[in-house]
$ cat target.csv   # CSV, C-alpha atoms
chain,number,residue,atom,x,y,z
A,1,MET,CA,74.5,76.2,-88.1
A,2,LYS,CA,78.1,76.9,-87.1
A,3,ALA,CA,79.6,77.2,-90.6
A,4,SER,CA,80.9,80.6,-91.5
A,5,LYS,CA,79.6,82.6,-94.5
A,6,LYS,CA,83.0,81.9,-96.2
A,7,GLU,CA,82.5,78.2,-95.8
A,8,MET,CA,79.0,78.3,-97.1
A,9,ILE,CA,80.1,80.4,-100.1
A,10,LEU,CA,82.9,77.9,-100.7
A,11,SER,CA,80.4,75.0,-100.5
A,12,VAL,CA,78.2,76.5,-103.2
A,13,ALA,CA,81.2,77.5,-105.3
A,14,LEU,CA,82.4,73.9,-105.3
A,15,CYS,CA,79.1,72.8,-106.8
A,16,LEU,CA,79.9,75.0,-109.8
A,17,LEU,CA,83.4,73.8,-110.3
A,18,PRO,CA,82.5,71.0,-112.8
A,19,ILE,CA,81.5,73.8,-115.2
A,20,LEU,CA,85.3,74.4,-115.8
A,21,LEU,CA,85.7,70.7,-116.8
A,22,GLY,CA,82.7,70.9,-119.1
A,23,LEU,CA,84.1,74.0,-120.9
A,24,TYR,CA,87.4,72.2,-121.3
A,25,MET,CA,85.6,69.2,-122.8
A,26,TRP,CA,83.1,71.2,-124.7
A,27,ASN,CA,84.3,70.5,-128.2
A,28,ASP,CA,84.5,66.7,-127.5
A,29,LEU,CA,81.0,66.4,-126.0
A,30,PRO,CA,78.1,65.2,-128.1
A,31,ASP,CA,74.9,67.2,-128.4
A,32,LYS,CA,73.2,64.8,-126.1
A,33,VAL,CA,74.9,63.9,-122.8
A,34,PRO,CA,73.7,60.9,-120.7
A,35,THR,CA,72.6,62.3,-117.3
A,36,HIS,CA,70.6,59.3,-115.9
A,37,PHE,CA,71.7,55.7,-115.7
A,38,ASP,CA,69.9,52.5,-114.6
A,39,LEU,CA,71.4,50.2,-111.9
A,40,ASN,CA,73.3,48.3,-114.7
A,41,ASN,CA,75.0,51.5,-115.7
A,42,VAL,CA,73.1,51.8,-118.9
A,43,PRO,CA,72.1,55.4,-119.9
A,44,ASP,CA,68.3,55.8,-119.9
A,45,GLY,CA,68.1,59.6,-119.8
A,46,TYR,CA,69.8,62.3,-121.9
A,47,SER,CA,70.1,66.1,-121.7
A,48,SER,CA,71.5,68.8,-123.9
A,49,LYS,CA,75.2,69.5,-123.8
A,50,ALA,CA,74.5,73.0,-122.3
A,51,PHE,CA,72.3,71.5,-119.5
A,52,ALA,CA,75.0,68.9,-118.6
A,53,VAL,CA,77.7,71.5,-118.5
A,54,PHE,CA,75.9,74.4,-116.9
A,55,GLY,CA,72.5,73.2,-115.7
A,56,LEU,CA,73.5,70.3,-113.5
A,57,PRO,CA,76.2,72.3,-111.5
A,58,CYS,CA,73.8,75.2,-111.2
A,59,PHE,CA,71.0,72.9,-109.9
A,60,MET,CA,73.4,71.4,-107.4
A,61,ALA,CA,74.5,74.9,-106.3
A,62,ALA,CA,70.9,76.0,-105.9
A,63,LEU,CA,70.0,72.9,-103.9
A,64,ASP,CA,73.1,73.4,-101.7
A,65,ALA,CA,72.3,77.0,-101.0
A,66,LEU,CA,68.7,76.1,-100.1
A,67,CYS,CA,69.8,73.4,-97.7
A,68,LEU,CA,72.4,75.7,-96.1
A,69,PHE,CA,69.8,78.5,-95.7
A,70,GLY,CA,67.4,76.2,-94.0
A,71,LEU,CA,70.0,74.9,-91.6
A,72,SER,CA,71.3,78.3,-90.7
A,73,SER,CA,67.8,79.7,-90.2
A,74,ASP,CA,66.6,77.0,-87.8
A,75,PRO,CA,65.8,78.6,-84.4
A,76,ARG,CA,66.9,75.4,-82.8
A,77,ALA,CA,70.2,75.3,-84.7
A,78,GLU,CA,72.2,74.9,-81.5
A,79,LYS,CA,70.6,71.5,-81.0
A,80,HIS,CA,71.9,70.2,-84.3
A,81,SER,CA,74.6,67.5,-84.4
A,82,LYS,CA,77.8,69.4,-85.2
A,83,PHE,CA,79.0,66.5,-87.3
A,84,LEU,CA,75.9,66.3,-89.3
A,85,ASP,CA,76.0,70.1,-89.8
A,86,ARG,CA,79.5,69.7,-91.3
A,87,MET,CA,78.4,66.8,-93.4
A,88,MET,CA,75.5,68.7,-94.8
A,89,LEU,CA,77.9,71.6,-95.6
A,90,TRP,CA,80.0,69.4,-97.9
A,91,PHE,CA,77.8,66.5,-99.0
A,92,ILE,CA,76.0,68.2,-102.0
A,93,PRO,CA,79.3,69.6,-103.3
A,94,ALA,CA,80.9,66.2,-103.1
A,95,LEU,CA,78.0,64.6,-104.9
A,96,GLY,CA,78.2,67.2,-107.6
A,97,LEU,CA,81.9,66.8,-108.0
A,98,VAL,CA,81.4,63.1,-108.6
A,99,VAL,CA,78.2,62.9,-110.6
A,100,THR,CA,78.7,65.7,-113.2
A,101,PRO,CA,82.2,64.8,-114.2
A,102,LEU,CA,81.2,61.1,-114.5
A,103,CYS,CA,78.4,62.0,-116.8
A,104,LEU,CA,80.7,64.1,-119.0
A,105,PHE,CA,83.3,61.3,-119.1
A,106,ALA,CA,80.6,58.8,-120.1
A,107,ALA,CA,79.5,61.1,-122.9
A,108,VAL,CA,82.9,60.9,-124.6
A,109,GLY,CA,83.1,57.1,-124.3
A,110,LYS,CA,85.0,56.7,-121.0
A,111,GLN,CA,84.1,53.5,-119.1
A,112,VAL,CA,82.7,54.8,-115.8
A,113,ASN,CA,80.3,53.0,-113.5
A,114,ILE,CA,78.2,55.9,-112.2
A,115,SER,CA,75.7,53.6,-110.5
A,116,LEU,CA,78.5,52.0,-108.5
A,117,PHE,CA,80.0,55.3,-107.4
A,118,VAL,CA,76.6,56.8,-106.4
A,119,GLN,CA,75.4,53.8,-104.5
A,120,LEU,CA,78.7,53.5,-102.7
A,121,LEU,CA,78.5,57.2,-101.7
A,122,ILE,CA,74.9,56.9,-100.6
A,123,GLY,CA,75.7,53.8,-98.6
A,124,ILE,CA,78.5,55.5,-96.8
A,125,VAL,CA,76.2,58.5,-96.1
A,126,PHE,CA,73.6,56.1,-94.7
A,127,ILE,CA,76.1,54.5,-92.3
A,128,VAL,CA,77.6,57.8,-91.1
A,129,VAL,CA,74.2,59.6,-90.6
A,130,GLY,CA,72.8,56.5,-88.9
A,131,ASN,CA,75.6,56.6,-86.4
A,132,TYR,CA,74.9,60.2,-85.6
A,133,LEU,CA,71.0,60.3,-85.7
A,134,PRO,CA,70.6,59.2,-82.1
A,135,LYS,CA,72.8,62.1,-81.0
A,136,CYS,CA,70.7,64.7,-82.9
A,137,ARG,CA,68.4,66.6,-80.5
A,138,ARG,CA,65.0,67.9,-81.4
A,139,ASN,CA,65.1,70.7,-84.0
A,140,TYR,CA,63.2,71.8,-87.1
A,141,THR,CA,65.5,71.1,-90.0
A,142,MET,CA,67.6,68.0,-89.3
A,143,GLY,CA,66.4,64.5,-88.4
A,144,ILE,CA,63.2,62.6,-88.7
A,145,LYS,CA,60.8,65.5,-88.5
A,146,LEU,CA,57.2,64.4,-87.9
A,147,PRO,CA,54.4,66.1,-86.0
A,148,TRP,CA,54.7,63.7,-83.1
A,149,THR,CA,58.5,63.7,-82.9
A,150,LEU,CA,58.7,67.5,-83.0
A,151,ASN,CA,56.3,67.7,-80.0
A,152,ASP,CA,57.8,65.1,-77.8
A,153,ASP,CA,61.5,64.5,-76.8
A,154,ASP,CA,60.8,60.9,-75.8
A,155,ASN,CA,59.3,60.1,-79.2
A,156,TRP,CA,62.1,62.0,-81.0
A,157,ASN,CA,64.8,60.0,-79.1
A,158,TYR,CA,63.0,56.7,-79.7
A,159,THR,CA,62.5,57.4,-83.4
A,160,HIS,CA,66.1,58.5,-83.9
A,161,ARG,CA,67.6,55.6,-82.0
A,162,LEU,CA,65.6,53.2,-84.2
A,163,GLY,CA,66.2,55.2,-87.4
A,164,GLY,CA,69.9,55.3,-86.7
A,165,PHE,CA,70.1,51.6,-86.3
A,166,LEU,CA,68.1,51.0,-89.5
A,167,TRP,CA,70.1,53.5,-91.5
A,168,VAL,CA,73.4,51.8,-90.6
A,169,ILE,CA,71.9,48.4,-91.7
A,170,CYS,CA,70.5,50.0,-94.9
A,171,GLY,CA,73.9,51.6,-95.6
A,172,VAL,CA,75.7,48.2,-95.4
A,173,VAL,CA,73.1,46.7,-97.7
A,174,MET,CA,73.5,49.6,-100.1
A,175,LEU,CA,77.3,49.0,-100.2
A,176,VAL,CA,76.7,45.4,-101.1
A,177,ASN,CA,74.0,46.2,-103.6
A,178,ALA,CA,76.4,48.7,-105.4
A,179,PHE,CA,78.1,45.6,-106.8
A,180,ILE,CA,75.0,43.6,-107.3
A,181,GLY,CA,72.8,46.2,-108.9
A,182,SER,CA,69.4,44.9,-107.8
A,183,PHE,CA,66.5,47.4,-108.2
A,184,TRP,CA,64.4,45.5,-105.6
A,185,VAL,CA,67.1,45.6,-103.0
A,186,LEU,CA,67.5,49.3,-103.6
A,187,LEU,CA,63.7,49.8,-103.3
A,188,ALA,CA,63.6,47.7,-100.1
A,189,VAL,CA,66.4,49.8,-98.6
A,190,ILE,CA,64.5,53.0,-99.3
A,191,LEU,CA,61.2,51.7,-97.9
A,192,VAL,CA,62.9,50.4,-94.7
A,193,ALA,CA,64.9,53.6,-94.2
A,194,VAL,CA,61.9,55.9,-94.7
A,195,PHE,CA,58.7,54.0,-93.7
A,196,VAL,CA,59.8,51.8,-90.8
A,197,PRO,CA,60.9,54.7,-88.5
A,198,THR,CA,57.8,56.7,-89.5
A,199,VAL,CA,55.4,53.9,-88.7
A,200,ALA,CA,57.2,53.0,-85.5
A,201,SER,CA,57.2,56.6,-84.4
A,202,TYR,CA,53.4,56.9,-85.0
A,203,VAL,CA,52.8,53.7,-83.1
A,204,TYR,CA,54.9,55.0,-80.2
A,205,TYR,CA,52.8,58.3,-80.3
A,206,ARG,CA,49.5,56.4,-80.2
A,207,LYS,CA,50.7,54.2,-77.4
A,208,HIS,CA,52.0,57.0,-75.2
A,209,ARG,CA,49.8,60.0,-76.0
A,210,VAL,CA,47.8,61.5,-73.1
A,211,PRO,CA,44.0,60.7,-73.5

$ encode --input "target.csv" --output "structure tokens"
Amino acid sequence: MKASKKEMILSVALCLLPILLGLYMWNDLPDKVPTHFDLNNVPDGYSSKAFAVFGLPCFMAALDALCLFGLSSDPRAEKHSKFLDRMMLWFIPALGLVVTPLCLFAAVGKQVNISLFVQLLIGIVFIVVGNYLPKCRRNYTMGIKLPWTLNDDDNWNYTHRLGGFLWVICGVVMLVNAFIGSFWVLLAVILVAVFVPTVASYVYYRKHRVP
């Protein structure tokens, strides 16, 4: 990964930034803070105030650090898409800076549509990543990593061209579904994005493998 140590430290630090907002709002927050919402923006999961203020940002920071460590340790890091590298550097901090404050605002009675924001963000990510997947060369940490894609450039390229096309379509559908709020559409998007490239890649492997 081409990011400097300063950039990676900044990326992790941004994940912790919502703690300051939580401390500012501490006295106004209830003992139980909604931290999970259904597609209709109805809270269906709660956590303690301490976990919402400290736990969520720390979890995002740990997840970000783990992802950045994996990317920077890849022996094939030079084959990564530079754009996707940069996107991975800032995606988790951006998600944390959106989700945690929205949970805190919802806890004090502010009208926020977390489901809308999250689905819009994920839809945009699907579209952007889908456009760059075909440009991602074979590596160990980024892309559709399956035994048969990692061992064959042709399979890798075929799978990522197909996956990129499908992810763009799924991203557009996700953007529309952000305003519809259908669980079944969301489930279909996930299944198509994950399983169709995997199955197609395996079929390609079976068809082209050497006896």

$ residues_around --input "target.csv" --residues "A:Phe179" --least-positions-apart "5" --cutoff "9 Å" --atoms "all atoms listed in the file" --output "list in words"
Leu116, Gln119 and Leu120 of chain A

$ residues_around --input "target.csv" --residues "A:Ala94" --least-positions-apart "4" --cutoff "10 Å" --atoms "all atoms listed in the file" --output "PyMOL selection string"
chain A and resi 11+14-15+89-90+98-99+121

$ residues_around --input "target.csv" --residues "stretch 22-28 of chain A" --least-positions-apart "4" --cutoff "12 Å" --atoms "all atoms listed in the file" --output "MDAnalysis selection string"
chainID A and resid 16:18 32:33 48:57 97 100:110

$ closest_residue --input "target.csv" --among "A:Ala200, A:Leu146, A:Ile124, A:Ala188" --to "A:Gly171" --atoms "all atoms listed in the file"
A:Ile124

$ closest_residue --input "target.csv" --among "A:Ile127, A:Tyr205, A:Asp154, A:Arg137" --to "A:Ala193" --atoms "all atoms listed in the file"
A:Ile127

$ closest_residue --input "target.csv" --among "A:Met88, A:Tyr140, A:Val42, A:Gly70" --to "A:Gln111" --atoms "all atoms listed in the file"
A:Val42

$ atom_distance --input "target.csv" --atom1 "atom CA of A:Leu68" --atom2 "atom CA of A:Leu150"
20.7 Å

$ atom_distance --input "target.csv" --atom1 "atom CA of A:Leu175" --atom2 "atom CA of A:Ala62"
28.3 Å

$ axis_aligned_box --input "target.csv" --around "stretch 100-112 of chain A" --padding-each-side "6 Å" --output "lines of an AutoDock Vina configuration file"
center_x = 81.7
center_y = 59.6
center_z = -118.9
size_x = 18.6
size_y = 24.2
size_z = 23.4

$ atom_distance --input "target.csv" --atom1 "atom CA of A:Gly143" --atom2 "atom CA of A:Val194"
11.6 Å

$ residues_around --input "target.csv" --residues "A:Asn151" --least-positions-apart "5" --cutoff "12 Å" --atoms "only C-alpha atoms" --output "PyMOL selection string"
chain A and resi 138-140+145-146+156-157+201+205+209

$ closest_residue --input "target.csv" --among "A:Val168, A:Leu186, A:Ile180, A:Asn155" --to "A:His208" --atoms "only C-alpha atoms"
A:Asn155

$ closest_residue --input "target.csv" --among "A:Ile144, A:Val129, A:Ile114, A:Ile19" --to "A:Thr35" --atoms "all atoms listed in the file"
A:Ile114

$ closest_residue --input "target.csv" --among "A:His36, A:Arg86, A:Arg206, A:Lys135" --to "A:Ser4" --atoms "all atoms listed in the file"
A:Arg86
